[in-house]
Amino acid sequence: MADSGIDLNKTYDAIVVGSGAAGGMAAHVLTTHGLKVLMLEAGKKLPIEQELRSMEWPYDNPHRGKLPPDHHALTFNEYTIRKPPYGPGFEKSKHLHSYAGSNDYVKNIVVDERENPYTGTNYAWVRARCLGGKTNIWGRLSLRLSDYEFKAARRDGYGEDWPISYSDIAPYYDKVDLYLGISGVKENLPYLPDSIFQRPTKLSCSEVMLKQAVKKMGRVVTQYRAGVTTDGLKHNKYRSQCYGRGACDRHGGCDIHAAFDSPTGLIYPAMDTGNLTLRTNAVVREVTVDQNTGKASGVHFIDAQTLKDYHVRARVVVIAASTLESARLLLLSKSRLYPNGLANSSGHVGHNFSEHVLGCHIVGLVKDLVGKPSTLDDGRPGGFYLPRFQNLSEKHPKFIRGYGFEGGGGQGMYPGYATDLKGFGSSFKEEVRNNRGAYIDMGAFGEMLSRYENYVDLDPVIKDKWGIPVLRFHVEFGDNDRHMVEDMQASGQEMFEAAGFKIVDLRTKTLTPGWSIHEIGTVRMGHDPKTSVLNQFEQSHDVKNLFVVDGSAFVNAGCQNPTWTIMALCWRSCDYLADELGKGNL
Amino acid sequence: MSTNKASNLKQDRRQWLKTSAAVLGASLLPGQAMSSEVAEPNTAPSVPKAKLGETQSATRFFTRAEYALIEELSETMIPADSHSGGAKAAKVADYIEQVLHASVDDNQRSNWRQGLHLVDLMSQHHNGKLFVDSSFEERIAVLTVLSDNGHMTELPEIRFFRDLKNLTIQGYYTSKIGIHDELEYKGNRILVEFVGCDDPVPGSK
């Protein structure tokens, strides 16, 4: 699929800024409604199969799959002891990446940190500027939110409710399930609604042991709900069904596109309608406004390679640039009419940031599995999910909201545990071999409370490679987050001990803010235009023909992974958009 | 040179460490080595210069002697046994050579040069010969001293041992021998049906 030619003299029905989960979904829905859509992606279209090479063995790779020596991926320690911007100090490395760009297969998918700096508080910002964005390398865990999240404020008195209920979005979750494919097992949990699942994966032995142990505690271990088509999709010729190669975790992506990614799942089918024009290398720097009507008129973008500046017009502008980039673009779009940035009469753009706090990772050794024959445990798109159990029927005395664990047990290709085993020589070698299938690990993802005080704004001095002001972070975990982290660690140990696992490692350091790559908020929805930026259809309260359809619209983070909700909400909003545009209301 | 036998050294490691620290300074090695020789390992008097400085080309980081030493060190770390080949057969030294040659980390590069030299000094000190000329037991004795002192993390020889272990593990377990022969890894192939576990502890149901 090549870029089709952009027509700068034309007024498109809609411009979609960004090509990730949200941008792809917007393009899919709007083109299906017959709208003429222009998609602008800041990065390039990568030859993604050549990047991911899912089945390449380490010994067939010149660096055994690791980063080439002139690349460096930031580490937890470096994020901790340094301050943004993280570029200075790594001059010896030609390319500097976020922590997520840590192998040879994803190094060209994540951005170069030096070209895209940011300032302020410590933050691990993972960005992928290329067609499809982070969906090329996402973790695939696809969970629904419930009214425990949408109506969280009503339940515990903190923050704001979403302007929608589960019943509003449920039909759209169904549409996403059926259009993109999801694997999992029904559990009938009111706080983690089921999807319409395709064929599930299977649990490994240690995972079954954990499941049996926590069941006695009233808790659930279920198969990883993977945004992966395990049965195939008859309506999509760009994607294969999953063949259990287990490569999605090892390399970071899926080159047969069984795991959802925005290009093959959404954008290419949208192009097949004949209604989508794609322009890559288009760094959008401003949404322009008709000063007479106050409505959005189009966008300015800079060609990432030639640095030439362009303006293109549309009847509707849909921003889907990723949570923080979308807030940045609104703040950049200042004008006489909107001196604080576009859609920002509330002053809430950039505020109410949230994500997931990663305060616990635990590794257990399963004695019964030591010395057993080799087993095939990683031929699947994920391990297990252990849903939240706190603050459901009872109130925890020290914190509100919840956390879940994701994890996996069994033998993988590479024995990462070997470096932690003592000694050397034949006994060491034997221990590595004996333990190959005996480890299980899990990490907690907890809801970081959305707070007005956690925000981003524009740095007054620092600019990116294209001369555009960068974001400045003011983000820190709070007391509720810290109390939740203490509970994660205690409950993680409790459950592993209940399962009879010997705990061999427990990370008690909370990872740098941003690490979850589940950043949400900063352009939140709400009924009240004084305390929110968007209405229930992700439409600006201030500017009727402006929509922001990515994670930035979330009111709270829940503890569920956000991608499936981003797409369900976006689908609902774009149905509304098309309808309103047809009625002449935009 | 010490006449300690390898077995004694292993048994009496703590005692040896104690005397080392007292006699040799804050190191597992002779004080002279720490203060002067280590700074320029290629000119160390205890090892002939010609041997260590030999045939260093633009495409290689290690000298022939250093490479031979790495081969033996990695094989001592992960030896061949009745189950599978060891680090030598898996060409771990080639991997380490490649990593160090391409490394942009000057600290890591100098740590390796220095570390290799220190290993030979230790070997000389204890066994009266170079590491590559030592017996299996003598080699194990030297690495045991390094291995059991993970808490003395500031010593260059301990740092070296850690990096040696890490790179040997990386090189070995990403090799054909490590993945297929040793760990008998079954994945990375196309499956018709997902494999799972019905009975985690056979006989428990």
# chains A, B, ... in the order shown; residues from 1 in each chain; ligands from 1

$ select_by_dssp --residues "segment 57-192 of chain B" --states "alpha helix (DSSP H)" --output "PyMOL selection string"
chain B and resi 64-77+92-102+106-127+136-147+156-173+176

$ residues_around --residues "His101 of chain B" --least-positions-apart "6" --cutoff "10 Å" --atoms "only C-alpha atoms" --output "PyMOL selection string"
(chain A and resi 69) or (chain B and resi 58-62+95+109)

$ write_last_selection --atoms "C-alpha atoms" --output "short mmCIF file (atom, residue, chain, number, x, y, z; two decimals), in the first residue's frame"
data_model
loop_
_atom_site.label_atom_id
_atom_site.label_comp_id
_atom_site.auth_asym_id
_atom_site.auth_seq_id
_atom_site.Cartn_x
_atom_site.Cartn_y
_atom_site.Cartn_z
CA PRO A 69 25.91 -1.42 19.38
CA ALA B 58 41.26 -3.75 13.00
CA THR B 59 38.56 -6.38 12.83
CA ARG B 60 39.22 -7.93 16.21
CA PHE B 61 39.21 -6.60 19.72
CA PHE B 62 41.08 -9.37 21.52
CA TYR B 95 30.13 -13.82 20.35
CA ARG B 109 36.14 -2.62 26.95
#

$ interface_residues --of "chain B" --to "chain A" --cutoff "7 Å" --atoms "only C-alpha atoms" --output "PyMOL selection string"
chain B and resi 76-79+102-104+147+166+173-176+179+183-192+194-197+200-201

$ atom_distance --atom1 "atom CA of Ala568 of chain A" --atom2 "atom CA of Leu143 of chain A"
11.2 Å

$ select_by_dssp --residues "segment 272-460 of chain A" --states "strand (DSSP E)" --output "ChimeraX atom specification"
/A:276-279,282-289,296-303,309-319,356-357,361-365,384-386,403-409,439-447,455-460

$ atom_distance --atom1 "atom CA of Lys91 of chain B" --atom2 "atom CA of Tyr172 of chain B"
7.8 Å

$ residues_around --residues "Asn9 of chain A" --least-positions-apart "5" --cutoff "10 Å" --atoms "only C-alpha atoms" --output "list of chain:residue names"
A:His311, A:Val312, A:Arg313

$ write_last_selection --atoms "C-alpha atoms" --output "PDB file, in the first residue's frame"
ATOM      1  CA  HIS A 311      -1.893  23.531   5.019  1.00  0.00           C
ATOM      2  CA  VAL A 312      -4.787  21.218   4.248  1.00  0.00           C
ATOM      3  CA  ARG A 313      -8.504  21.808   4.815  1.00  0.00           C
TER       4      ARG A 313
END

$ residues_around --residues "Tyr148 of chain A" --least-positions-apart "5" --cutoff "9 Å" --atoms "only C-alpha atoms" --output "NGL selection string"
:A and (155 or 190-192 or 392 or 401 or 558)

$ write_last_selection --atoms "C-alpha atoms" --output "PDB file, in the first residue's frame"
ATOM      1  CA  ARG A 155     -19.142   4.319  43.915  1.00  0.00           C
ATOM      2  CA  PRO A 190     -19.380  -7.814  36.453  1.00  0.00           C
ATOM      3  CA  TYR A 191     -16.131  -5.834  36.869  1.00  0.00           C
ATOM      4  CA  LEU A 192     -14.486  -7.325  33.768  1.00  0.00           C
ATOM      5  CA  LEU A 392     -15.314  -4.546  44.716  1.00  0.00           C
ATOM      6  CA  ARG A 401      -9.822   1.594  43.028  1.00  0.00           C
ATOM      7  CA  GLY A 558      -9.399   1.779  35.532  1.00  0.00           C
TER       8      GLY A 558
END

$ residues_around --residues "segment 14-28 of chain A" --least-positions-apart "3" --cutoff "7 Å" --atoms "only C-alpha atoms" --output "VMD selection string"
chain A and resid 31 to 32 36 to 41 131 to 135 262 266 to 267 270 314 to 321 549 to 550 563 566 to 567 570 to 571 574

$ write_last_selection --atoms "N, CA and C atoms" --output "compact mmCIF listing (two decimals), in the first residue's frame"
# COMPACT_ATOMS: atom_id res chain seq x y z
N THR A 31 -14.73 6.18 6.70
CA THR A 31 -14.74 5.80 5.28
C THR A 31 -15.90 4.84 4.99
N THR A 32 -16.24 4.01 5.98
CA THR A 32 -17.38 3.11 5.80
C THR A 32 -18.67 3.91 5.64
N LYS A 36 -14.95 11.24 2.75
CA LYS A 36 -13.63 11.32 2.16
C LYS A 36 -12.65 11.77 3.26
N VAL A 37 -11.73 10.88 3.58
CA VAL A 37 -10.88 11.07 4.76
C VAL A 37 -9.42 11.20 4.35
N LEU A 38 -8.75 12.16 4.97
CA LEU A 38 -7.30 12.28 4.82
C LEU A 38 -6.65 11.90 6.15
N MET A 39 -5.79 10.88 6.14
CA MET A 39 -5.07 10.48 7.34
C MET A 39 -3.65 11.02 7.28
N LEU A 40 -3.24 11.71 8.36
CA LEU A 40 -1.88 12.24 8.43
C LEU A 40 -1.11 11.50 9.51
N GLU A 41 0.00 10.90 9.13
CA GLU A 41 0.86 10.17 10.07
C GLU A 41 2.23 10.86 10.10
N LEU A 131 3.52 4.31 10.54
CA LEU A 131 2.14 3.91 10.23
C LEU A 131 1.73 2.80 11.20
N GLY A 132 0.63 3.04 11.92
CA GLY A 132 0.16 2.05 12.89
C GLY A 132 0.59 2.36 14.32
N GLY A 133 1.60 3.22 14.46
CA GLY A 133 2.05 3.63 15.79
C GLY A 133 2.36 2.46 16.70
N LYS A 134 1.95 2.58 17.94
CA LYS A 134 2.29 1.57 18.94
C LYS A 134 1.54 0.25 18.73
N THR A 135 0.51 0.24 17.85
CA THR A 135 -0.18 -1.05 17.64
C THR A 135 0.74 -2.06 16.97
N SER A 262 -3.01 -1.61 13.56
CA SER A 262 -3.90 -0.68 12.90
C SER A 262 -3.81 -0.73 11.37
N LEU A 266 -7.26 -2.09 10.13
CA LEU A 266 -8.18 -0.98 9.91
C LEU A 266 -7.85 -0.12 8.69
N ILE A 267 -6.58 0.24 8.54
CA ILE A 267 -6.24 1.25 7.53
C ILE A 267 -6.29 0.69 6.11
N ALA A 270 -9.72 0.27 5.02
CA ALA A 270 -10.31 1.59 4.78
C ALA A 270 -9.86 2.13 3.43
N ALA A 314 -10.35 20.72 5.91
CA ALA A 314 -11.36 19.68 6.10
C ALA A 314 -12.58 20.26 6.80
N ARG A 315 -13.71 19.56 6.65
CA ARG A 315 -14.94 19.98 7.33
C ARG A 315 -14.90 19.58 8.81
N VAL A 316 -14.18 18.50 9.10
CA VAL A 316 -14.08 18.03 10.48
C VAL A 316 -12.62 17.63 10.74
N VAL A 317 -12.11 17.94 11.92
CA VAL A 317 -10.77 17.50 12.29
C VAL A 317 -10.89 16.50 13.44
N VAL A 318 -10.29 15.32 13.24
CA VAL A 318 -10.31 14.25 14.23
C VAL A 318 -8.88 14.02 14.71
N ILE A 319 -8.65 14.28 15.98
CA ILE A 319 -7.29 14.12 16.52
C ILE A 319 -7.17 12.76 17.19
N ALA A 320 -6.16 12.01 16.78
CA ALA A 320 -5.92 10.66 17.31
C ALA A 320 -4.42 10.44 17.35
N ALA A 321 -3.72 11.41 17.93
CA ALA A 321 -2.26 11.43 17.83
C ALA A 321 -1.58 10.69 18.97
N VAL A 549 -10.18 11.43 19.69
CA VAL A 549 -10.74 10.08 19.83
C VAL A 549 -9.77 9.04 20.39
N ASP A 550 -8.69 9.47 21.02
CA ASP A 550 -7.75 8.48 21.57
C ASP A 550 -7.86 8.41 23.09
N THR A 563 -6.49 -0.22 25.09
CA THR A 563 -6.64 -0.16 23.62
C THR A 563 -8.04 -0.52 23.13
N ILE A 566 -10.36 2.35 23.77
CA ILE A 566 -10.08 3.46 22.85
C ILE A 566 -10.83 3.22 21.54
N MET A 567 -10.75 1.99 21.04
CA MET A 567 -11.34 1.71 19.72
C MET A 567 -12.87 1.65 19.78
N CYS A 570 -14.06 5.23 20.08
CA CYS A 570 -13.81 5.92 18.82
C CYS A 570 -14.87 5.53 17.78
N TRP A 571 -15.21 4.25 17.75
CA TRP A 571 -16.22 3.78 16.79
C TRP A 571 -17.55 4.49 17.06
N CYS A 574 -17.35 8.18 16.07
CA CYS A 574 -17.29 8.42 14.63
C CYS A 574 -18.64 8.11 13.96

$ residues_around --residues "Ser84 of chain B" --least-positions-apart "2" --cutoff "7 Å" --atoms "only C-alpha atoms" --output "list in words"
Ala80, Asp81, Ser82, Gly86, Asp181 and Glu182 of chain B

$ atom_distance --atom1 "atom CA of Phe389 of chain A" --atom2 "atom CA of Gly404 of chain A"
7.7 Å

$ residues_around --residues "Asp303 of chain A" --least-positions-apart "3" --cutoff "6 Å" --atoms "only C-alpha atoms" --output "list in words"
Asn281, Ala282, Thr306, Leu307 and Lys308 of chain A

$ closest_residue --among "A:Gln390, A:Ser146, A:Ser195, A:Asn136" --to "Asp261 of chain A" --atoms "only C-alpha atoms"
A:Asn136

$ decode --residues "segment 442-579 of chain A" --atoms "C-alpha atoms" --output "compact mmCIF listing (two decimals), in the first residue's frame"
# COMPACT_ATOMS: atom_id res chain seq x y z
CA MET A 442 3.43 -11.61 37.15
CA GLY A 443 3.29 -7.82 37.35
CA ALA A 444 0.57 -5.58 38.70
CA PHE A 445 -1.15 -2.79 36.80
CA GLY A 446 -3.04 -0.46 39.13
CA GLU A 447 -5.20 2.57 38.53
CA MET A 448 -3.22 5.75 39.11
CA LEU A 449 -5.75 8.25 40.39
CA SER A 450 -6.59 10.93 37.89
CA ARG A 451 -5.68 14.29 39.44
CA TYR A 452 -5.89 17.80 38.02
CA GLU A 453 -2.40 18.43 39.44
CA ASN A 454 -0.86 15.79 37.20
CA TYR A 455 -0.54 17.56 33.88
CA VAL A 456 1.53 18.43 30.85
CA ASP A 457 2.08 21.83 29.26
CA LEU A 458 4.35 23.24 26.57
CA ASP A 459 7.99 23.85 27.39
CA PRO A 460 8.68 27.55 26.79
CA VAL A 461 12.17 26.91 25.38
CA ILE A 462 12.85 23.40 24.10
CA LYS A 463 11.71 22.42 20.62
CA ASP A 464 11.79 19.13 18.73
CA LYS A 465 13.63 18.38 15.49
CA TRP A 466 10.89 20.15 13.53
CA GLY A 467 11.01 23.31 15.62
CA ILE A 468 7.80 22.50 17.49
CA PRO A 469 7.60 23.23 21.25
CA VAL A 470 7.79 20.04 23.29
CA LEU A 471 5.80 18.80 26.25
CA ARG A 472 6.81 19.48 29.83
CA PHE A 473 5.69 16.89 32.39
CA HIS A 474 4.32 17.55 35.85
CA VAL A 475 3.44 13.98 36.77
CA GLU A 476 3.96 12.16 40.05
CA PHE A 477 2.37 9.25 41.84
CA GLY A 478 0.28 10.15 44.87
CA ASP A 479 -0.58 8.66 48.26
CA ASN A 480 -3.41 6.48 46.96
CA ASP A 481 -1.06 5.08 44.31
CA ARG A 482 1.60 4.34 46.92
CA HIS A 483 -0.84 2.60 49.27
CA MET A 484 -2.08 0.52 46.37
CA VAL A 485 1.51 -0.46 45.53
CA GLU A 486 2.04 -1.74 49.09
CA ASP A 487 -1.04 -3.89 48.71
CA MET A 488 0.08 -5.20 45.30
CA GLN A 489 3.30 -6.44 46.82
CA ALA A 490 1.61 -8.04 49.80
CA SER A 491 -1.10 -9.73 47.76
CA GLY A 492 1.33 -10.87 45.08
CA GLN A 493 3.41 -12.64 47.67
CA GLU A 494 0.33 -14.00 49.41
CA MET A 495 -0.98 -15.57 46.21
CA PHE A 496 2.35 -17.05 45.14
CA GLU A 497 2.82 -18.51 48.60
CA ALA A 498 -0.71 -19.91 48.52
CA ALA A 499 0.18 -21.65 45.26
CA GLY A 500 3.31 -23.10 46.86
CA PHE A 501 5.73 -21.11 44.72
CA LYS A 502 9.12 -20.17 46.12
CA ILE A 503 9.46 -16.42 45.63
CA VAL A 504 12.84 -15.83 44.02
CA ASP A 505 12.42 -12.19 43.07
CA LEU A 506 10.15 -9.36 44.12
CA ARG A 507 10.57 -5.94 42.57
CA THR A 508 9.37 -3.38 45.06
CA LYS A 509 10.52 -0.31 43.16
CA THR A 510 7.72 1.40 41.30
CA LEU A 511 8.63 1.88 37.66
CA THR A 512 8.98 5.38 36.24
CA PRO A 513 5.68 7.11 35.43
CA GLY A 514 4.77 6.34 31.83
CA TRP A 515 6.19 2.84 31.90
CA SER A 516 2.78 1.20 31.49
CA ILE A 517 2.32 2.91 28.08
CA HIS A 518 -1.29 3.20 29.22
CA GLU A 519 -1.29 6.97 29.55
CA ILE A 520 -4.80 8.42 29.42
CA GLY A 521 -6.62 11.65 30.23
CA THR A 522 -5.39 15.19 29.44
CA VAL A 523 -8.38 15.85 27.12
CA ARG A 524 -11.10 14.25 29.17
CA MET A 525 -14.77 13.77 28.44
CA GLY A 526 -17.55 14.97 30.72
CA HIS A 527 -20.97 16.53 30.87
CA ASP A 528 -19.72 19.83 32.27
CA PRO A 529 -17.82 22.08 29.81
CA LYS A 530 -16.20 23.82 32.78
CA THR A 531 -14.38 20.69 33.97
CA SER A 532 -14.04 18.67 30.79
CA VAL A 533 -12.88 19.18 27.22
CA LEU A 534 -15.05 16.72 25.28
CA ASN A 535 -18.64 15.55 25.44
CA GLN A 536 -19.70 11.89 25.50
CA PHE A 537 -18.98 11.60 21.76
CA GLU A 538 -15.41 12.87 22.15
CA GLN A 539 -16.52 16.09 20.50
CA SER A 540 -15.07 19.37 21.75
CA HIS A 541 -17.48 21.36 23.91
CA ASP A 542 -16.02 24.53 22.34
CA VAL A 543 -15.48 23.58 18.71
CA LYS A 544 -18.25 21.43 17.24
CA ASN A 545 -16.28 20.04 14.30
CA LEU A 546 -13.30 18.95 16.41
CA PHE A 547 -13.05 15.43 17.88
CA VAL A 548 -10.32 13.83 19.98
CA VAL A 549 -10.74 10.08 19.83
CA ASP A 550 -7.75 8.48 21.57
CA GLY A 551 -6.89 7.63 25.18
CA SER A 552 -6.69 11.30 26.09
CA ALA A 553 -10.52 11.34 26.27
CA PHE A 554 -10.61 8.87 29.21
CA VAL A 555 -11.90 10.12 32.55
CA ASN A 556 -10.07 7.51 34.60
CA ALA A 557 -7.72 4.67 33.79
CA GLY A 558 -9.40 1.78 35.53
CA CYS A 559 -6.80 -0.94 35.79
CA GLN A 560 -7.59 -2.46 32.41
CA ASN A 561 -5.41 -2.10 29.36
CA PRO A 562 -6.92 0.74 27.32
CA THR A 563 -6.64 -0.16 23.62
CA TRP A 564 -9.94 -2.01 23.21
CA THR A 565 -11.82 0.81 24.97
CA ILE A 566 -10.08 3.46 22.85
CA MET A 567 -11.34 1.71 19.72
CA ALA A 568 -14.88 1.05 21.00
CA LEU A 569 -15.29 4.68 22.08
CA CYS A 570 -13.81 5.92 18.82
CA TRP A 571 -16.22 3.78 16.79
CA ARG A 572 -19.18 5.18 18.75
CA SER A 573 -17.94 8.77 18.35
CA CYS A 574 -17.29 8.42 14.63
CA ASP A 575 -20.79 6.98 14.04
CA TYR A 576 -22.11 10.10 15.77
CA LEU A 577 -19.73 12.33 13.78
CA ALA A 578 -20.89 10.93 10.44
CA ASP A 579 -24.51 11.28 11.46
